[in-house]
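Peer 1: Following this line is final-v2.json, made up of JSON, N, CA and C atoms:
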[["chain", "number", "residue", "atom", "x", "y", "z"],
["A", 1, "MET", "N", -5.64, 5.90, 5.14],
["A", 1, "MET", "CA", -4.48, 5.45, 4.42],
["A", 1, "MET", "C", -4.84, 5.42, 2.93],
["A", 2, "LYS", "N", -3.91, 5.86, 2.12],
["A", 2, "LYS", "CA", -4.12, 5.86, 0.67],
["A", 2, "LYS", "C", -2.99, 5.05, 0.03],
["A", 3, "VAL", "N", -3.35, 4.22, -0.93],
["A", 3, "VAL", "CA", -2.38, 3.38, -1.62],
["A", 3, "VAL", "C", -2.40, 3.70, -3.11],
["A", 4, "VAL", "N", -1.22, 3.84, -3.67],
["A", 4, "VAL", "CA", -1.07, 4.04, -5.11],
["A", 4, "VAL", "C", -0.03, 3.03, -5.60],
["A", 5, "VAL", "N", -0.36, 2.34, -6.67],
["A", 5, "VAL", "CA", 0.58, 1.40, -7.28],
["A", 5, "VAL", "C", 0.94, 1.91, -8.65],
["A", 6, "ASP", "N", 2.23, 2.01, -8.91],
["A", 6, "ASP", "CA", 2.72, 2.39, -10.23],
["A", 6, "ASP", "C", 2.64, 1.14, -11.10],
["A", 7, "LEU", "N", 1.52, 1.02, -11.82],
["A", 7, "LEU", "CA", 1.28, -0.19, -12.61],
["A", 7, "LEU", "C", 2.25, -0.36, -13.77],
["A", 8, "SER", "N", 2.89, 0.72, -14.20],
["A", 8, "SER", "CA", 3.89, 0.59, -15.26],
["A", 8, "SER", "C", 5.19, 0.01, -14.69],
["A", 9, "ARG", "N", 5.34, 0.11, -13.38],
["A", 9, "ARG", "CA", 6.53, -0.43, -12.72],
["A", 9, "ARG", "C", 6.30, -1.85, -12.21],
["A", 10, "CYS", "N", 5.06, -2.17, -11.86],
["A", 10, "CYS", "CA", 4.70, -3.48, -11.31],
["A", 10, "CYS", "C", 5.05, -4.58, -12.32],
["A", 11, "GLU", "N", 5.72, -5.62, -11.83],
["A", 11, "GLU", "CA", 6.10, -6.73, -12.71],
["A", 11, "GLU", "C", 5.36, -8.01, -12.38],
["A", 12, "GLY", "N", 4.33, -7.92, -11.52],
["A", 12, "GLY", "CA", 3.48, -9.08, -11.24],
["A", 12, "GLY", "C", 4.10, -10.14, -10.35],
["A", 13, "TYR", "N", 5.01, -9.76, -9.47],
["A", 13, "TYR", "CA", 5.59, -10.74, -8.55],
["A", 13, "TYR", "C", 4.57, -11.23, -7.54],
["A", 14, "ALA", "N", 3.53, -10.45, -7.27],
["A", 14, "ALA", "CA", 2.40, -10.81, -6.41],
["A", 14, "ALA", "C", 2.75, -10.95, -4.93],
["A", 15, "GLN", "N", 3.87, -10.39, -4.50],
["A", 15, "GLN", "CA", 4.19, -10.41, -3.08],
["A", 15, "GLN", "C", 3.12, -9.66, -2.29],
["A", 16, "CYS", "N", 2.63, -8.57, -2.85],
["A", 16, "CYS", "CA", 1.61, -7.77, -2.17],
["A", 16, "CYS", "C", 0.32, -8.58, -1.99],
["A", 17, "ALA", "N", -0.07, -9.32, -3.00],
["A", 17, "ALA", "CA", -1.30, -10.11, -2.93],
["A", 17, "ALA", "C", -1.16, -11.23, -1.90],
["A", 18, "PHE", "N", 0.03, -11.74, -1.73],
["A", 18, "PHE", "CA", 0.28, -12.78, -0.73],
["A", 18, "PHE", "C", 0.23, -12.20, 0.68],
["A", 19, "LEU", "N", 0.82, -11.01, 0.87],
["A", 19, "LEU", "CA", 0.94, -10.42, 2.20],
["A", 19, "LEU", "C", -0.28, -9.62, 2.64],
["A", 20, "ALA", "N", -1.04, -9.06, 1.70],
["A", 20, "ALA", "CA", -2.23, -8.28, 2.03],
["A", 20, "ALA", "C", -3.35, -8.60, 1.03],
["A", 21, "PRO", "N", -3.89, -9.81, 1.11],
["A", 21, "PRO", "CA", -4.87, -10.26, 0.10],
["A", 21, "PRO", "C", -6.18, -9.47, 0.08],
["A", 22, "GLU", "N", -6.51, -8.76, 1.15],
["A", 22, "GLU", "CA", -7.73, -7.96, 1.14],
["A", 22, "GLU", "C", -7.54, -6.64, 0.40],
["A", 23, "ALA", "N", -6.29, -6.22, 0.27],
["A", 23, "ALA", "CA", -6.00, -4.95, -0.40],
["A", 23, "ALA", "C", -5.49, -5.13, -1.83],
["A", 24, "PHE", "N", -4.79, -6.25, -2.08],
["A", 24, "PHE", "CA", -4.19, -6.50, -3.39],
["A", 24, "PHE", "C", -4.59, -7.89, -3.89],
["A", 25, "ARG", "N", -4.86, -8.00, -5.18],
["A", 25, "ARG", "CA", -5.16, -9.32, -5.77],
["A", 25, "ARG", "C", -4.75, -9.31, -7.24],
["A", 26, "MET", "N", -4.38, -10.46, -7.70],
["A", 26, "MET", "CA", -3.96, -10.61, -9.09],
["A", 26, "MET", "C", -5.15, -11.08, -9.91],
["A", 27, "ARG", "N", -5.32, -10.50, -11.07],
["A", 27, "ARG", "CA", -6.29, -10.97, -12.07],
["A", 27, "ARG", "C", -5.46, -11.58, -13.18],
["A", 28, "GLY", "N", -5.56, -12.86, -13.32],
["A", 28, "GLY", "CA", -4.71, -13.55, -14.29],
["A", 28, "GLY", "C", -3.29, -13.56, -13.77],
["A", 29, "GLU", "N", -2.33, -13.58, -14.65],
["A", 29, "GLU", "CA", -0.93, -13.64, -14.25],
["A", 29, "GLU", "C", -0.25, -12.28, -14.19],
["A", 30, "GLU", "N", -0.87, -11.27, -14.79],
["A", 30, "GLU", "CA", -0.18, -10.00, -14.89],
["A", 30, "GLU", "C", -0.94, -8.79, -14.37],
["A", 31, "ALA", "N", -2.25, -8.86, -14.23],
["A", 31, "ALA", "CA", -3.04, -7.68, -13.86],
["A", 31, "ALA", "C", -3.24, -7.60, -12.35],
["A", 32, "LEU", "N", -2.73, -6.54, -11.76],
["A", 32, "LEU", "CA", -2.90, -6.31, -10.33],
["A", 32, "LEU", "C", -4.11, -5.42, -10.10],
["A", 33, "MET", "N", -4.96, -5.84, -9.20],
["A", 33, "MET", "CA", -6.11, -5.04, -8.76],
["A", 33, "MET", "C", -5.81, -4.67, -7.31],
["A", 34, "TYR", "N", -6.15, -3.42, -6.91],
["A", 34, "TYR", "CA", -5.89, -3.04, -5.53],
["A", 34, "TYR", "C", -6.92, -2.04, -5.03],
["A", 35, "ASP", "N", -7.04, -1.98, -3.72],
["A", 35, "ASP", "CA", -7.95, -1.05, -3.06],
["A", 35, "ASP", "C", -7.15, 0.22, -2.76],
["A", 36, "PRO", "N", -7.50, 1.36, -3.35],
["A", 36, "PRO", "CA", -6.74, 2.58, -3.13],
["A", 36, "PRO", "C", -6.93, 3.19, -1.74],
["A", 37, "SER", "N", -7.95, 2.74, -1.01],
["A", 37, "SER", "CA", -8.21, 3.24, 0.34],
["A", 37, "SER", "C", -8.54, 2.08, 1.28],
["A", 38, "PRO", "N", -7.56, 1.23, 1.56],
["A", 38, "PRO", "CA", -7.85, 0.08, 2.42],
["A", 38, "PRO", "C", -8.17, 0.52, 3.85],
["A", 39, "ASP", "N", -8.89, -0.32, 4.54],
["A", 39, "ASP", "CA", -9.27, -0.06, 5.92],
["A", 39, "ASP", "C", -8.02, 0.01, 6.80],
["A", 40, "ASP", "N", -8.05, 0.86, 7.82],
["A", 40, "ASP", "CA", -6.90, 1.00, 8.71],
["A", 40, "ASP", "C", -6.56, -0.29, 9.43],
["A", 41, "ALA", "N", -7.51, -1.20, 9.55],
["A", 41, "ALA", "CA", -7.24, -2.49, 10.18],
["A", 41, "ALA", "C", -6.23, -3.30, 9.36],
["A", 42, "GLN", "N", -6.06, -2.96, 8.10],
["A", 42, "GLN", "CA", -5.12, -3.66, 7.21],
["A", 42, "GLN", "C", -3.76, -2.98, 7.14],
["A", 43, "ARG", "N", -3.57, -1.93, 7.94],
["A", 43, "ARG", "CA", -2.37, -1.10, 7.86],
["A", 43, "ARG", "C", -1.07, -1.92, 7.89],
["A", 44, "ASP", "N", -0.90, -2.78, 8.87],
["A", 44, "ASP", "CA", 0.35, -3.53, 8.98],
["A", 44, "ASP", "C", 0.59, -4.42, 7.76],
["A", 45, "GLN", "N", -0.47, -5.08, 7.31],
["A", 45, "GLN", "CA", -0.34, -5.94, 6.13],
["A", 45, "GLN", "C", 0.04, -5.13, 4.90],
["A", 46, "VAL", "N", -0.61, -3.99, 4.71],
["A", 46, "VAL", "CA", -0.34, -3.15, 3.54],
["A", 46, "VAL", "C", 1.09, -2.60, 3.59],
["A", 47, "LEU", "N", 1.53, -2.17, 4.76],
["A", 47, "LEU", "CA", 2.90, -1.66, 4.88],
["A", 47, "LEU", "C", 3.93, -2.76, 4.60],
["A", 48, "ARG", "N", 3.66, -3.97, 5.08],
["A", 48, "ARG", "CA", 4.57, -5.10, 4.79],
["A", 48, "ARG", "C", 4.57, -5.41, 3.30],
["A", 49, "ALA", "N", 3.40, -5.35, 2.68],
["A", 49, "ALA", "CA", 3.30, -5.62, 1.25],
["A", 49, "ALA", "C", 4.09, -4.60, 0.45],
["A", 50, "ALA", "N", 3.97, -3.33, 0.82],
["A", 50, "ALA", "CA", 4.71, -2.27, 0.12],
["A", 50, "ALA", "C", 6.21, -2.47, 0.29],
["A", 51, "ALA", "N", 6.64, -2.82, 1.48],
["A", 51, "ALA", "CA", 8.06, -3.03, 1.74],
["A", 51, "ALA", "C", 8.60, -4.24, 1.00],
["A", 52, "ALA", "N", 7.75, -5.24, 0.78],
["A", 52, "ALA", "CA", 8.19, -6.47, 0.12],
["A", 52, "ALA", "C", 8.20, -6.39, -1.39],
["A", 53, "CYS", "N", 7.63, -5.36, -1.97],
["A", 53, "CYS", "CA", 7.58, -5.24, -3.43],
["A", 53, "CYS", "C", 9.00, -5.16, -3.99],
["A", 54, "PRO", "N", 9.40, -6.13, -4.82],
["A", 54, "PRO", "CA", 10.77, -6.14, -5.36],
["A", 54, "PRO", "C", 11.12, -4.93, -6.21],
["A", 55, "VAL", "N", 10.12, -4.28, -6.81],
["A", 55, "VAL", "CA", 10.39, -3.13, -7.67],
["A", 55, "VAL", "C", 9.91, -1.82, -7.05],
["A", 56, "GLN", "N", 9.48, -1.87, -5.77],
["A", 56, "GLN", "CA", 9.03, -0.69, -5.03],
["A", 56, "GLN", "C", 7.97, 0.09, -5.80],
["A", 57, "ALA", "N", 6.96, -0.62, -6.29],
["A", 57, "ALA", "CA", 5.89, 0.00, -7.08],
["A", 57, "ALA", "C", 4.73, 0.51, -6.22],
["A", 58, "ILE", "N", 4.76, 0.24, -4.91],
["A", 58, "ILE", "CA", 3.64, 0.58, -4.04],
["A", 58, "ILE", "C", 4.00, 1.75, -3.14],
["A", 59, "LEU", "N", 3.16, 2.78, -3.18],
["A", 59, "LEU", "CA", 3.33, 3.95, -2.32],
["A", 59, "LEU", "C", 2.16, 4.00, -1.35],
["A", 60, "VAL", "N", 2.46, 4.12, -0.06],
["A", 60, "VAL", "CA", 1.44, 4.19, 0.97],
["A", 60, "VAL", "C", 1.53, 5.55, 1.64],
["A", 61, "ASP", "N", 0.41, 6.26, 1.67],
["A", 61, "ASP", "CA", 0.35, 7.56, 2.31],
["A", 61, "ASP", "C", -0.48, 7.41, 3.58],
["A", 62, "LEU", "N", 0.15, 7.61, 4.72],
["A", 62, "LEU", "CA", -0.56, 7.53, 6.00],
["A", 62, "LEU", "C", -1.12, 8.90, 6.30],
["A", 63, "LEU", "N", -2.34, 9.14, 5.87],
["A", 63, "LEU", "CA", -2.96, 10.46, 5.91],
["A", 63, "LEU", "C", -3.02, 11.08, 7.29],
["A", 64, "GLU", "N", -3.24, 10.27, 8.32],
["A", 64, "GLU", "CA", -3.40, 10.86, 9.64],
["A", 64, "GLU", "C", -2.13, 11.50, 10.16],
["A", 65, "THR", "N", -0.96, 11.13, 9.65],
["A", 65, "THR", "CA", 0.27, 11.76, 10.09],
["A", 65, "THR", "C", 0.33, 13.21, 9.62],
["A", 66, "ARG", "N", -0.33, 13.52, 8.53],
["A", 66, "ARG", "CA", -0.37, 14.90, 8.03],
["A", 66, "ARG", "C", -1.28, 15.77, 8.87],
["A", 67, "HIS", "N", -2.29, 15.16, 9.47],
["A", 67, "HIS", "CA", -3.29, 15.91, 10.21],
["A", 67, "HIS", "C", -3.02, 15.96, 11.70],
["A", 68, "ALA", "N", -1.89, 15.42, 12.13],
["A", 68, "ALA", "CA", -1.56, 15.46, 13.55],
["A", 68, "ALA", "C", -1.26, 16.88, 13.95],
["A", 69, "PRO", "N", -1.73, 17.31, 15.13],
["A", 69, "PRO", "CA", -1.46, 18.69, 15.55],
["A", 69, "PRO", "C", 0.02, 18.90, 15.79],
["A", 70, "ALA", "N", 0.46, 20.06, 15.41],
["A", 70, "ALA", "CA", 1.87, 20.41, 15.61],
["A", 70, "ALA", "C", 2.13, 20.63, 17.08],
["A", 71, "GLU", "N", 3.32, 20.22, 17.53],
["A", 71, "GLU", "CA", 3.67, 20.43, 18.92],
["A", 71, "GLU", "C", 3.86, 21.91, 19.18],
["A", 72, "ALA", "N", 3.44, 22.34, 20.34],
["A", 72, "ALA", "CA", 3.60, 23.75, 20.70],
["A", 72, "ALA", "C", 5.08, 24.04, 20.94],
["A", 73, "SER", "N", 5.52, 25.15, 20.43],
["A", 73, "SER", "CA", 6.91, 25.53, 20.64],
["A", 73, "SER", "C", 7.04, 26.21, 21.99],
["A", 74, "PRO", "N", 8.17, 26.01, 22.66],
["A", 74, "PRO", "CA", 8.36, 26.64, 23.98],
["A", 74, "PRO", "C", 8.37, 28.16, 23.86],
["A", 75, "SER", "N", 7.77, 28.80, 24.80],
["A", 75, "SER", "CA", 7.69, 30.26, 24.79],
["A", 75, "SER", "C", 8.82, 30.89, 25.55]]
Could you quickly redo this structure as structure tokens?
Peer 2:
Amino acid sequence: MKVVVDLSRCEGYAQCAFLAPEAFRMRGEEALMYDPSPDDAQRDQVLRAAAACPVQAILVDLLETRHAPAEASPS
């Protein structure tokens, strides 16, 4: 899983830090620090945090969905 935060869009509401504290944390009142490659064990928390962002500044890329084998087409 890969996480990208648009820091120019982030307004420091800290919902992400509350919902996924291992992946997101606030430094001071305005600076967001985050793990760009959180452990898959944090997946649900990270997805909830991204969904809860009031300004939708968090993008989560679930890499394994790209690498899933394509279904065979009927012959």
Peer 1: Extract the full set of strand (DSSP E) residues from segment 1-71 of chain A according to DSSP on the backbone, and format it as a list in words.
Peer 2: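 Checking each residue of segment 1-71 of chain A, the strand (DSSP E) ones are Lys2, Val3, Val4, Val5, Phe24, Arg25, Met26, Arg27, Ala31, Leu32, Met33, Tyr34, Ile58, Leu59, Val60 and Asp61 of chain A.
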Peer 1: If you run DSSP on this backbone, which residues of chain A come out as alpha helix (DSSP H), and could you give them as an MDAnalysis selection string?
Peer 2: chainID A and resid 15:19 43:52 63:66
Peer 1: Please report the interatomic distance between atom C of Gly28 of chain A and atom N of Leu62 of chain A in Å with one decimal.
Peer 2: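 A separation of 28.3 Å between them.
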Peer 1: Would you please work out which residue, of A:Gln42, A:Arg48, A:Cys53, A:Pro36, is nearest to Val3 of chain A when using only C-alpha atoms?
Peer 2: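 Between A:Gln42, A:Arg48, A:Cys53, A:Pro36, the residue approaching Val3 of chain A most closely is A:Pro36.
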Peer 1: What lies within 9 Å of Arg25 of chain A using only C-alpha atoms, ignoring chain neighbours under 5 positions off, as an MDAnalysis selection string?
Peer 2: chainID A and resid 14 16:18 20 31:34
Peer 1: Smallest atom-to-atom distance to Pro38 of chain A: which of A:Ala50, A:Leu59, A:Leu19, A:Met1, using all atoms listed in the file?
Peer 2: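 Among the listed residues, A:Met1 lies closest to Pro38 of chain A.
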Peer 1: What is the atom C of Lys2 of chain A-atom C of Ala23 of chain A distance in Å, reported with one decimal?
Peer 2: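 Distance reported for this atom pair: 10.6 Å.
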Peer 1: Using atom N of Gln45 of chain A and atom CA of Glu11 of chain A as the two end points, give the distance in Å to one decimal.
Peer 2: 21.1 Å
Peer 1: Please return, as a list in words, all polymer residues that have at least one atom within 7 Å of the point (2.0, -13.5, -15.4); use only C-alpha atoms and the file's own coordinate frame.
Peer 2: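 Those within range, by chain then number, are Gly12, Gly28, Glu29 and Glu30 of chain A.
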Peer 1: Determine the nearest neighbour of Val4 of chain A from the options A:Asp39, A:Glu22, A:Asp44, A:Asp61, counting only C-alpha atoms.
Peer 2: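 Smallest separation from Val4 of chain A among the options: A:Asp61.
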